[in-house]
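This is query-v1.cif. It holds mmCIF, C-alpha atoms (C1' of nucleotides).
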data_protein
loop_
_atom_site.label_atom_id
_atom_site.label_comp_id
_atom_site.auth_asym_id
_atom_site.auth_seq_id
_atom_site.Cartn_x
_atom_site.Cartn_y
_atom_site.Cartn_z
CA MET S 1 54.16 -31.47 -2.52
CA ILE S 2 52.39 -34.67 -3.50
CA PRO S 3 54.52 -37.80 -3.25
CA THR S 4 56.39 -39.21 -6.17
CA PRO S 5 54.34 -40.54 -9.06
CA PHE S 6 51.54 -38.05 -9.01
CA ASP S 7 53.49 -34.90 -9.83
CA LEU S 8 53.55 -36.37 -13.32
CA LEU S 9 49.81 -35.84 -13.60
CA PRO S 10 48.22 -32.72 -15.13
CA LYS S 11 47.18 -30.15 -12.57
CA SER S 12 43.55 -30.63 -13.40
CA ALA S 13 43.66 -34.17 -12.07
CA VAL S 14 44.25 -33.00 -8.52
CA SER S 15 41.77 -31.12 -6.39
CA LEU S 16 42.23 -29.80 -2.88
CA LEU S 17 39.79 -30.53 -0.10
CA SER S 18 39.70 -28.71 3.20
CA VAL S 19 38.52 -31.06 5.88
CA ARG S 20 37.74 -30.75 9.56
CA GLN S 21 38.39 -33.26 12.28
CA GLY S 22 35.96 -36.13 12.13
CA GLU S 23 34.85 -35.33 8.60
CA THR S 24 34.15 -38.27 6.33
CA LEU S 25 35.85 -38.30 2.92
CA PHE S 26 33.97 -41.32 1.68
CA ARG S 27 31.92 -44.15 3.05
CA TYR S 28 31.73 -47.85 2.45
CA GLY S 29 29.76 -48.42 -0.75
CA ASP S 30 30.18 -44.93 -2.22
CA PRO S 31 31.02 -44.93 -5.93
CA THR S 32 34.74 -44.34 -6.41
CA CYS S 33 35.93 -40.98 -7.69
CA GLY S 34 39.64 -41.43 -7.10
CA LEU S 35 42.36 -41.89 -4.59
CA PHE S 36 43.62 -39.50 -1.94
CA ALA S 37 46.76 -38.11 -0.39
CA SER S 38 46.78 -36.18 2.83
CA LEU S 39 48.97 -33.13 3.19
CA ASN S 40 48.99 -32.46 6.89
CA THR S 41 46.63 -34.68 8.83
CA ASP S 42 46.09 -38.33 9.53
CA VAL S 43 43.20 -40.09 7.91
CA HIS S 44 41.86 -43.29 9.34
CA LEU S 45 40.37 -45.93 7.09
CA VAL S 46 37.91 -47.89 9.18
CA ARG S 47 35.54 -50.69 8.58
CA VAL S 48 32.42 -50.99 10.70
CA GLY S 49 31.96 -54.46 12.13
CA GLN S 50 28.70 -56.34 12.48
CA ASP S 51 28.33 -55.15 16.06
CA GLY S 52 28.91 -51.51 15.18
CA GLN S 53 32.50 -51.41 16.36
CA SER S 54 34.82 -49.57 14.04
CA ILE S 55 38.08 -51.27 13.19
CA MET S 56 40.96 -49.25 11.82
CA ILE S 57 42.45 -50.91 8.78
CA HIS S 58 44.86 -48.18 7.80
CA ARG S 59 46.31 -45.09 9.35
CA ALA S 60 47.21 -42.83 6.45
CA THR S 61 49.84 -40.30 7.50
CA PRO S 62 50.66 -36.95 5.91
CA GLY S 63 52.44 -37.42 2.61
CA THR S 64 51.09 -40.87 1.88
CA CYS S 65 48.37 -42.02 -0.47
CA PHE S 66 45.40 -44.15 0.37
CA ALA S 67 42.43 -45.76 -1.34
CA GLU S 68 44.55 -46.80 -4.32
CA ALA S 69 42.43 -49.88 -4.95
CA SER S 70 39.53 -47.58 -5.72
CA LEU S 71 41.07 -47.05 -9.17
CA PHE S 72 40.01 -50.52 -10.15
CA SER S 73 36.86 -50.80 -8.11
CA GLN S 74 33.37 -49.40 -8.51
CA THR S 75 32.84 -48.61 -4.83
CA TYR S 76 34.91 -47.87 -1.75
CA HIS S 77 35.41 -50.71 0.70
CA CYS S 78 35.80 -48.75 3.92
CA ASP S 79 35.15 -45.36 5.51
CA ALA S 80 37.75 -42.58 5.50
CA ILE S 81 37.70 -40.15 8.41
CA ALA S 82 40.01 -37.17 8.84
CA GLN S 83 41.67 -37.11 12.24
CA GLY S 84 42.26 -33.38 12.25
CA ASP S 85 41.66 -30.18 10.34
CA GLY S 86 43.75 -29.99 7.20
CA THR S 87 44.08 -30.27 3.47
CA ILE S 88 43.69 -33.40 1.40
CA TYR S 89 44.41 -34.00 -2.25
CA ARG S 90 41.90 -35.90 -4.29
CA ILE S 91 43.36 -37.45 -7.42
CA ASP S 92 40.91 -38.13 -10.17
CA LYS S 93 40.38 -41.76 -11.02
CA ALA S 94 39.98 -41.30 -14.77
CA ALA S 95 43.09 -39.13 -14.98
CA VAL S 96 45.21 -41.78 -13.30
CA LEU S 97 43.88 -44.55 -15.51
CA ARG S 98 44.73 -42.36 -18.49
CA ALA S 99 48.18 -41.59 -17.12
CA LEU S 100 48.98 -45.28 -16.88
CA GLU S 101 49.38 -45.10 -20.65
CA ASP S 102 52.57 -43.20 -19.95
CA PRO S 103 55.38 -45.68 -19.22
CA GLU S 104 57.19 -43.30 -16.91
CA PHE S 105 54.14 -42.81 -14.75
CA ALA S 106 53.20 -46.48 -14.85
CA THR S 107 56.64 -47.55 -13.69
CA ALA S 108 56.76 -44.99 -10.91
CA TYR S 109 53.34 -45.96 -9.69
CA CYS S 110 54.09 -49.67 -9.72
CA ASN S 111 57.20 -48.88 -7.72
CA THR S 112 55.16 -47.03 -5.14
CA LEU S 113 52.65 -49.85 -4.86
CA ALA S 114 55.30 -52.54 -4.65
CA LEU S 115 57.04 -50.68 -1.85
CA GLN S 116 53.76 -50.40 -0.05
CA VAL S 117 53.24 -54.13 -0.28
CA GLN S 118 56.70 -54.62 1.16
CA GLN S 119 56.00 -52.23 4.01
CA MET S 120 52.74 -53.94 4.82
CA ARG S 121 54.54 -57.26 4.99
CA HIS S 122 57.02 -55.73 7.37
CA LEU S 123 54.18 -54.48 9.53
CA ARG S 124 52.68 -57.94 9.42
CA GLU S 125 55.98 -59.28 10.68
CA ILE S 126 55.89 -56.86 13.56
CA LEU S 127 52.31 -57.71 14.46
CA ALA S 128 53.29 -61.37 14.67
CA ILE S 129 55.66 -60.67 17.56
CA ARG S 130 53.97 -61.77 20.77
CA SER S 131 56.08 -59.91 23.32
CA ALA S 132 54.99 -56.32 23.73
CA GLU S 133 58.56 -55.29 24.46
CA GLU S 134 59.99 -56.79 21.28
CA ARG S 135 57.02 -55.60 19.24
CA VAL S 136 57.51 -52.01 20.34
CA PHE S 137 61.22 -52.28 19.65
CA ALA S 138 60.57 -53.74 16.20
CA GLY S 139 58.17 -50.89 15.53
CA LEU S 140 60.86 -48.39 16.38
CA VAL S 141 63.42 -50.23 14.26
CA ALA S 142 60.95 -50.15 11.38
CA GLY S 143 61.09 -46.40 11.61
CA LEU S 144 57.48 -45.97 12.66
CA HIS S 145 56.92 -42.43 13.74
CA VAL S 146 56.31 -42.14 17.45
CA GLY S 147 54.43 -38.90 17.61
CA GLN S 148 51.57 -39.55 19.89
CA VAL S 149 52.36 -42.74 21.73
CA ILE S 150 48.68 -43.55 21.63
CA ASP S 151 48.68 -43.62 17.85
CA PHE S 152 51.88 -45.60 17.74
CA ALA S 153 50.28 -48.15 20.06
CA ALA S 154 47.29 -48.44 17.76
CA THR S 155 49.56 -48.99 14.77
CA ILE S 156 51.24 -51.97 16.38
CA SER S 157 48.00 -53.20 17.92
CA LEU S 158 48.82 -52.77 21.57
CA THR S 159 47.06 -50.82 24.28
CA HIS S 160 48.81 -47.58 25.08
CA GLU S 161 49.40 -48.83 28.62
CA ALA S 162 51.26 -51.89 27.39
CA THR S 163 53.23 -49.68 25.02
CA TYR S 164 54.26 -47.29 27.78
CA ARG S 165 55.38 -50.17 29.98
CA ALA S 166 57.35 -51.72 27.14
CA LEU S 167 58.99 -48.38 26.36
CA ARG S 168 59.98 -48.00 29.98
CA LYS S 169 61.60 -51.43 30.04
CA LEU S 170 63.47 -50.65 26.83
CA VAL S 171 64.71 -47.39 28.28
CA LYS S 172 65.93 -49.21 31.39
CA GLN S 173 67.79 -51.63 29.15
CA GLY S 174 69.34 -48.75 27.28
CA ARG S 175 67.92 -49.86 23.95
CA VAL S 176 65.71 -46.79 23.71
CA GLU S 177 66.20 -43.27 24.94
CA ASN S 178 63.60 -40.93 26.30
CA PRO S 179 64.99 -37.40 25.99
CA GLN S 180 61.68 -35.76 26.74
CA ARG S 181 58.40 -36.76 28.18
CA GLY S 182 56.54 -38.61 25.46
CA ILE S 183 59.52 -38.66 23.05
CA TYR S 184 61.19 -41.98 22.36
CA ARG S 185 63.85 -43.01 19.91
CA LEU S 186 66.39 -45.76 19.38
CA THR S 187 69.66 -45.37 21.24
CA SER S 188 72.83 -44.45 19.36
CA ARG S 189 71.74 -42.57 16.33
CA MET D 1 48.70 -70.90 -15.54
CA ILE D 2 50.35 -67.81 -14.12
CA PRO D 3 47.98 -65.25 -12.59
CA THR D 4 46.58 -62.34 -14.48
CA PRO D 5 49.05 -59.71 -15.67
CA PHE D 6 51.94 -61.95 -16.55
CA ASP D 7 50.33 -63.94 -19.34
CA LEU D 8 50.82 -60.75 -21.33
CA LEU D 9 54.57 -61.24 -21.19
CA PRO D 10 56.59 -63.00 -23.89
CA LYS D 11 57.33 -66.63 -23.13
CA SER D 12 61.02 -65.94 -22.86
CA ALA D 13 60.45 -63.79 -19.77
CA VAL D 14 59.34 -66.75 -17.69
CA SER D 15 61.54 -69.61 -16.63
CA LEU D 16 60.56 -72.67 -14.64
CA LEU D 17 62.42 -73.78 -11.57
CA SER D 18 62.06 -77.17 -9.96
CA VAL D 19 62.59 -76.83 -6.25
CA ARG D 20 62.75 -79.23 -3.35
CA GLN D 21 61.45 -78.72 0.15
CA GLY D 22 63.69 -76.42 2.13
CA GLU D 23 65.44 -75.09 -0.96
CA THR D 24 66.36 -71.43 -0.99
CA LEU D 25 65.30 -69.37 -4.01
CA PHE D 26 67.16 -66.29 -2.96
CA ARG D 27 68.76 -64.85 0.14
CA TYR D 28 68.84 -61.47 1.79
CA GLY D 29 71.28 -59.29 -0.10
CA ASP D 30 71.33 -61.28 -3.33
CA PRO D 31 71.14 -59.12 -6.46
CA THR D 32 67.63 -59.15 -7.84
CA CYS D 33 66.89 -61.11 -10.99
CA GLY D 34 63.12 -60.89 -10.94
CA LEU D 35 59.96 -61.80 -9.15
CA PHE D 36 58.41 -65.21 -8.62
CA ALA D 37 55.13 -67.07 -8.73
CA SER D 38 54.68 -70.49 -7.25
CA LEU D 39 52.67 -73.09 -9.10
CA ASN D 40 52.04 -75.75 -6.51
CA THR D 41 53.88 -75.18 -3.28
CA ASP D 42 54.08 -72.62 -0.54
CA VAL D 43 57.10 -70.39 -0.31
CA HIS D 44 57.97 -68.65 2.92
CA LEU D 45 59.66 -65.28 2.90
CA VAL D 46 61.59 -64.99 6.12
CA ARG D 47 63.84 -62.45 7.66
CA VAL D 48 66.52 -63.56 10.08
CA GLY D 49 66.47 -61.57 13.30
CA GLN D 50 69.46 -60.37 15.28
CA ASP D 51 69.30 -63.43 17.51
CA GLY D 52 69.16 -65.87 14.63
CA GLN D 53 65.42 -66.48 14.85
CA SER D 54 63.68 -66.53 11.52
CA ILE D 55 60.51 -64.49 11.22
CA MET D 56 58.04 -65.22 8.47
CA ILE D 57 57.01 -62.05 6.69
CA HIS D 58 54.97 -63.62 3.91
CA ARG D 59 53.45 -66.96 3.15
CA ALA D 60 53.22 -67.12 -0.63
CA THR D 61 50.63 -69.64 -1.70
CA PRO D 62 50.31 -71.44 -5.04
CA GLY D 63 49.08 -69.09 -7.72
CA THR D 64 50.33 -65.91 -6.11
CA CYS D 65 53.31 -63.74 -6.84
CA PHE D 66 55.97 -62.66 -4.43
CA ALA D 67 59.09 -60.49 -4.35
CA GLU D 68 57.46 -57.85 -6.53
CA ALA D 69 59.46 -55.06 -4.90
CA SER D 70 62.60 -56.65 -6.31
CA LEU D 71 61.70 -55.06 -9.63
CA PHE D 72 62.70 -51.69 -8.25
CA SER D 73 65.43 -52.78 -5.91
CA GLN D 74 69.02 -53.88 -6.40
CA THR D 75 68.95 -56.65 -3.81
CA TYR D 76 66.42 -58.92 -2.12
CA HIS D 77 65.33 -57.96 1.36
CA CYS D 78 64.54 -61.39 2.76
CA ASP D 79 65.09 -65.10 2.21
CA ALA D 80 62.73 -67.24 0.18
CA ILE D 81 62.41 -70.90 1.12
CA ALA D 82 60.24 -73.47 -0.66
CA GLN D 83 58.02 -75.37 1.73
CA GLY D 84 57.65 -78.39 -0.50
CA ASP D 85 58.78 -79.95 -3.75
CA GLY D 86 57.28 -78.21 -6.72
CA THR D 87 57.59 -75.84 -9.63
CA ILE D 88 58.12 -72.12 -9.43
CA TYR D 89 58.03 -69.50 -12.14
CA ARG D 90 60.73 -66.91 -12.24
CA ILE D 91 59.75 -63.76 -14.11
CA ASP D 92 62.59 -61.76 -15.51
CA LYS D 93 63.03 -58.32 -14.02
CA ALA D 94 64.12 -56.58 -17.22
CA ALA D 95 61.23 -58.08 -19.18
CA VAL D 96 58.68 -56.78 -16.71
CA LEU D 97 60.20 -53.32 -16.66
CA ARG D 98 60.04 -53.36 -20.44
CA ALA D 99 56.44 -54.60 -20.42
CA LEU D 100 55.40 -51.68 -18.26
CA GLU D 101 55.68 -49.63 -21.46
CA ASP D 102 52.54 -51.42 -22.56
CA PRO D 103 49.51 -49.65 -21.07
CA GLU D 104 47.46 -52.82 -20.91
CA PHE D 105 50.10 -54.63 -18.91
CA ALA D 106 50.83 -51.63 -16.73
CA THR D 107 47.18 -51.20 -15.82
CA ALA D 108 46.71 -54.89 -15.09
CA TYR D 109 49.79 -54.99 -12.92
CA CYS D 110 48.84 -51.88 -10.96
CA ASN D 111 45.47 -53.47 -10.38
CA THR D 112 47.12 -56.59 -9.00
CA LEU D 113 49.37 -54.60 -6.70
CA ALA D 114 46.58 -52.35 -5.48
CA LEU D 115 44.47 -55.37 -4.64
CA GLN D 116 47.37 -56.83 -2.75
CA VAL D 117 47.70 -53.68 -0.70
CA GLN D 118 44.01 -53.89 0.08
CA GLN D 119 44.31 -57.54 1.10
CA MET D 120 47.27 -56.79 3.34
CA ARG D 121 45.26 -54.09 5.05
CA HIS D 122 42.48 -56.58 5.58
CA LEU D 123 44.92 -59.01 7.13
CA ARG D 124 46.21 -56.23 9.30
CA GLU D 125 42.66 -55.66 10.48
CA ILE D 126 42.35 -59.33 11.36
CA LEU D 127 45.64 -59.38 13.24
CA ALA D 128 44.40 -56.49 15.36
CA ILE D 129 41.57 -58.60 16.76
CA ARG D 130 42.53 -59.71 20.27
CA SER D 131 40.11 -62.57 20.77
CA ALA D 132 41.34 -65.79 19.23
CA GLU D 133 37.77 -66.84 18.50
CA GLU D 134 36.89 -63.68 16.59
CA ARG D 135 40.25 -63.63 14.88
CA VAL D 136 39.80 -67.14 13.55
CA PHE D 137 36.29 -66.32 12.43
CA ALA D 138 37.48 -63.16 10.70
CA GLY D 139 40.16 -65.20 8.97
CA LEU D 140 37.52 -67.59 7.68
CA VAL D 141 35.30 -64.71 6.57
CA ALA D 142 38.26 -63.22 4.73
CA GLY D 143 38.35 -66.38 2.69
CA LEU D 144 41.72 -67.53 3.97
CA HIS D 145 42.30 -71.05 2.85
CA VAL D 146 42.23 -73.52 5.72
CA GLY D 147 44.27 -76.34 4.29
CA GLN D 148 46.61 -77.26 7.02
CA VAL D 149 45.23 -75.76 10.19
CA ILE D 150 48.80 -75.25 11.32
CA ASP D 151 49.53 -72.97 8.40
CA PHE D 152 46.26 -71.12 8.85
CA ALA D 153 47.20 -70.52 12.48
CA ALA D 154 50.54 -69.10 11.42
CA THR D 155 48.86 -66.78 8.95
CA ILE D 156 46.70 -65.22 11.63
CA SER D 157 49.51 -65.32 14.21
CA LEU D 158 48.02 -67.77 16.65
CA THR D 159 49.35 -71.04 17.97
CA HIS D 160 47.69 -74.01 16.36
CA GLU D 161 46.34 -75.06 19.75
CA ALA D 162 44.56 -71.75 20.23
CA THR D 163 43.25 -72.02 16.69
CA TYR D 164 41.86 -75.51 17.28
CA ARG D 165 40.16 -74.42 20.46
CA ALA D 166 38.67 -71.38 18.75
CA LEU D 167 37.45 -73.53 15.87
CA ARG D 168 35.83 -75.92 18.31
CA LYS D 169 34.01 -73.09 20.04
CA LEU D 170 32.84 -71.73 16.70
CA VAL D 171 31.58 -75.17 15.69
CA LYS D 172 29.68 -75.44 18.97
CA GLN D 173 28.09 -72.07 18.26
CA GLY D 174 27.13 -73.20 14.78
CA ARG D 175 29.08 -70.44 13.10
CA VAL D 176 31.50 -72.90 11.54
CA GLU D 177 31.05 -76.46 10.35
CA ASN D 178 33.54 -79.28 10.57
CA PRO D 179 32.47 -81.89 8.00
CA GLN D 180 35.71 -83.83 8.27
CA ARG D 181 38.61 -84.05 10.62
CA GLY D 182 40.78 -81.05 9.86
CA ILE D 183 38.30 -79.43 7.46
CA TYR D 184 36.56 -76.24 8.56
CA ARG D 185 34.33 -73.84 6.69
CA LEU D 186 31.74 -71.18 7.38
CA THR D 187 28.22 -72.39 7.97
CA SER D 188 25.55 -71.85 5.30
CA ARG D 189 27.35 -71.58 2.05
"C1'" DC N 1 53.40 -102.30 10.72
"C1'" DG N 2 56.11 -98.57 11.94
"C1'" DT N 3 57.06 -93.87 11.25
"C1'" DC N 4 55.76 -89.28 10.72
"C1'" DA N 5 53.08 -85.26 10.54
"C1'" DC N 6 48.99 -83.31 11.62
"C1'" DA N 7 44.79 -83.11 14.72
"C1'" DT N 8 42.99 -82.72 19.21
"C1'" DT N 9 42.60 -82.04 24.06
"C1'" DG N 10 44.46 -81.05 28.90
"C1'" DA N 11 46.89 -78.32 32.63
"C1'" DT N 12 49.56 -74.48 34.06
"C1'" DG N 13 51.72 -69.89 34.11
"C1'" DC N 14 52.68 -65.59 32.33
"C1'" DC N 15 51.48 -61.58 29.91
"C1'" DT N 16 48.57 -58.38 28.21
"C1'" DC N 17 44.02 -56.31 28.59
"C1'" DT N 18 40.98 -53.88 31.41
"C1'" DC N 19 39.61 -50.69 34.76
"C1'" DA N 20 41.28 -47.04 37.65
"C1'" DA N 21 43.66 -43.10 39.20
"C1'" DA N 22 47.06 -39.59 39.47
"C1'" DG N 23 50.71 -36.53 37.26
"C1'" DC N 24 51.93 -33.44 33.49
"C1'" DT N 25 51.17 -30.06 29.60
"C1'" DT N 26 48.63 -27.11 26.88
"C1'" DG N 27 45.07 -24.09 25.84
"C1'" DT N 28 41.06 -21.38 26.85
"C1'" DG N 29 38.19 -18.21 29.15
"C1'" DG N 30 37.03 -15.47 33.01
"C1'" DC V 1 47.04 -14.11 35.90
"C1'" DC V 2 44.61 -17.72 37.59
"C1'" DA V 3 41.40 -21.51 37.18
"C1'" DC V 4 39.63 -24.98 34.83
"C1'" DA V 5 39.15 -28.33 31.20
"C1'" DA V 6 40.90 -31.59 28.10
"C1'" DG V 7 44.11 -34.82 26.44
"C1'" DC V 8 48.25 -37.25 26.79
"C1'" DT V 9 51.40 -39.65 29.99
"C1'" DT V 10 52.46 -42.73 33.53
"C1'" DT V 11 51.78 -46.18 37.01
"C1'" DG V 12 48.93 -49.66 39.78
"C1'" DA V 13 46.01 -53.90 40.70
"C1'" DG V 14 43.35 -57.66 39.13
"C1'" DA V 15 41.58 -61.03 35.90
"C1'" DG V 16 41.14 -63.48 31.79
"C1'" DG V 17 43.09 -65.57 27.84
"C1'" DC V 18 46.63 -67.23 25.05
"C1'" DA V 19 51.26 -69.44 24.96
"C1'" DT V 20 53.60 -73.20 26.47
"C1'" DC V 21 54.52 -77.86 27.54
"C1'" DA V 22 52.65 -82.36 27.33
"C1'" DA V 23 50.16 -86.32 25.80
"C1'" DT V 24 47.14 -88.99 22.93
"C1'" DG V 25 44.50 -89.85 18.72
"C1'" DT V 26 44.39 -90.30 13.69
"C1'" DG V 27 45.46 -90.83 9.01
"C1'" DA V 28 48.86 -91.33 5.11
"C1'" DC V 29 52.60 -93.46 3.25
"C1'" DG V 30 56.33 -96.54 2.51
#
For this file, produce the structure as C-alpha cells.
Amino acid sequence: MIPTPFDLLPKSAVSLLSVRQGETLFRYGDPTCGLFASLNTDVHLVRVGQDGQSIMIHRATPGTCFAEASLFSQTYHCDAIAQGDGTIYRIDKAAVLRALEDPEFATAYCNTLALQVQQMRHLREILAIRSAEERVFAGLVAGLHVGQVIDFAATISLTHEATYRALRKLVKQGRVENPQRGIYRLTSR
Amino acid sequence: MIPTPFDLLPKSAVSLLSVRQGETLFRYGDPTCGLFASLNTDVHLVRVGQDGQSIMIHRATPGTCFAEASLFSQTYHCDAIAQGDGTIYRIDKAAVLRALEDPEFATAYCNTLALQVQQMRHLREILAIRSAEERVFAGLVAGLHVGQVIDFAATISLTHEATYRALRKLVKQGRVENPQRGIYRLTSR
DNA sequence: CGTCACATTGATGCCTCTCAAAGCTTGTGG
DNA sequence: CCACAAGCTTTGAGAGGCATCAATGTGACG
C-alpha cells in the first residue's frame, strides 16, 4: 500500500491518520516527527509569504511521500494541508533513521530520492517554457495527471483559463484529444 | 574538496576529468558509469527537444553533484556539457552502490538528496512567481549566487533584460544594493 | 588597440493575467 | 422530482508586463 522503500519498515513505524479537508498535518516551525505518505488525497505543502499569501511549493499526490527532508531537520519548513478527507501514513523519523542501517532499505530509499530529484528537474524544465501551449503539452508528455484541470494548471504555474485555451488549441491541432468534457490526453496512445 | 558524503568513499572511486568548454561528459542514452561533481566550472544538463532546441534542465554549479539518478539507471537521460575549462570528479557507480552498505555513508547521502529535493521545491516556488521583480528578489533571498547576471536570469527563467530591469527597480526601492557594476546583493547583511 | 562578452537601457508587440460571465455537472434538500 | 447551490468548465474583453529586437556602454584580455 505504501510506496516502495517503506514496506521494509516494521509495522510499528507507520501510523495512520484520518484527516479532513483543510486539516493541517504540520506547520512551519513544528518539531519534526517524521515524513508522510498520502493514501487517497492530495496534500499541499505551502509556505506563507511575508504578505500573508500562501505559496504552494509541492502538491503531494496519493501514493507519494512528502516532507522527506524532515528526517534530517529539527523543524518543518512549510505547512502541510490536506486537500480532502482521507487517510495519511505517518512514518516515524527515528525508525527510518534506524532502518538506514539496512543496506537494502538505504539503497531503495536513495533510489526513490534520486528519482524525485530527476522529476523535479523535469518539472523545472517544463516551468521554463514560456509558451502556455508548449508548456501544457510538455506537462502532458511528462505524464502529469490531468484530473482537475485547475490543479493541473497550478502544477505547471498557469492560470486555469490559460490552460483551457492552450488545451483547446492543442486539440484543434490534433496533438491532444478531448474525449469527454474536462478529460484530456495525448493523441495516439 | 568534494562535498559531504563522498569523502567517505575510497580514493579509487573518484577519478578526475579535465574538460574544456563545450565538452560533453555524457549524452542521452549512454550507459551510466557514475555520477559527477564539478570542481570549478558550471555544467549544463540539457535535453534536446523534438525540434532540435536544447532545454536546460539543470545548471550544476561548482561544488555540487549531478546525475545522481544514474546510480539506479542503465542509461543517462540527458546531455551534460561543460560550460568552461575545468576539472570534474567522476564518482564510480559501483563504488557508491557498495558504499551504501555503510550506514554512515547511506545516511549522509540520503540527507544530501533530501536537501536537494527541498531546494528544488523552493526553486519551483520561485518559478511560480509571476512578477519579475518579486521573482528576482525571491531568487536573491533563496541565496542563489548572482555571479553572471545572465546565468542567474536563466536559473529563474527570465531574460537577462527583465532581470536587469527588476534589479534596478529593487535597487531604487532599497531592497537590493549594487556596490559594483554587475554585483547585486540583498540590503542589510 | 581591437575583440569579445557581459552590462545596461530603450522601444515595440504579443501573450498571459485579470476580471467577468455563462454553460455544464453533480449533489443536496425540500 | 424539482430547485437550488456549488464547483468545474469554457469563452470573452481589456490591460499590463515580459519577451524580443536593437543599440550603446564597459571591462577584461591578448
Inset, instruction - Carefully work through the PyMOL selection byres ((chain N) within 8 of (chain D)) for this structure and note down the residues it includes, as a list in words. - result: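 Residues picked by the PyMOL selection byres ((chain N) within 8 of (chain D)): DC6, DA7 and DT8 of chain N.
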Inset, instruction - For chain V, list the residues within 9 Å of chain D, counting only C-alpha atoms (C1' of nucleotides), and write the list as a PyMOL selection string. - result: chain V and resi 17-19
Inset, instruction - Apply the PyMOL selection byres ((chain D and resi 22) around 6) to the displayed file and report the matching residues as a list in words. - result: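 Matching residues under the PyMOL selection byres ((chain D and resi 22) around 6) are Gln21, Glu23, Ile81, Ala82 and Gln83 of chain D.
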Inset, instruction - Evaluate the PyMOL selection byres ((chain S and resi 76) around 8) on the structure here and hand back the selected residues as a PyMOL selection string. - result: chain S and resi 26-32+67+70+73-75+77-79
Legend entry - Gap from C1' of DC15 (chain N) to CA of Ile156 (chain D) - Å, one decimal: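 C1' of DC15 (chain N) sits 19.2 Å away from CA of Ile156 (chain D).
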Inset, instruction - Pick out the closest residue to chain D from this set: S:Cys33, S:Leu16, S:Ala108, S:Leu170. Count only C-alpha atoms. - result: S:Ala108
Inset, instruction - May I ask for the distance between CA of Thr24 (chain D) and CA of Thr64 (chain D), given in Å to one decimal place? - result: 17.7 Å
Take every atom of region 15-30 of chain N listed in the file, pad by 4 Å on each side, and give me the axis-aligned box centre and edge lengths in Å, one decimal, as AutoDock Vina command-line options.
--center_x 44.5 --center_y -38.5 --center_z 32.7 --size_x 22.9 --size_y 54.1 --size_z 21.6
Inset, instruction - Mind giving me the straight-line distance from CA of Gly139 (chain S) to CA of Gly86 (chain S) in Å, one decimal? - result: 26.7 Å
Inset, instruction - Would you list the contacts of region 18-20 of chain N as a PyMOL selection string, taking every protein, DNA or RNA residue within 9 Å and counting all atoms listed in the file, but skipping same-chain residues closer than 5 positions in sequence? - result: chain V and resi 12-15
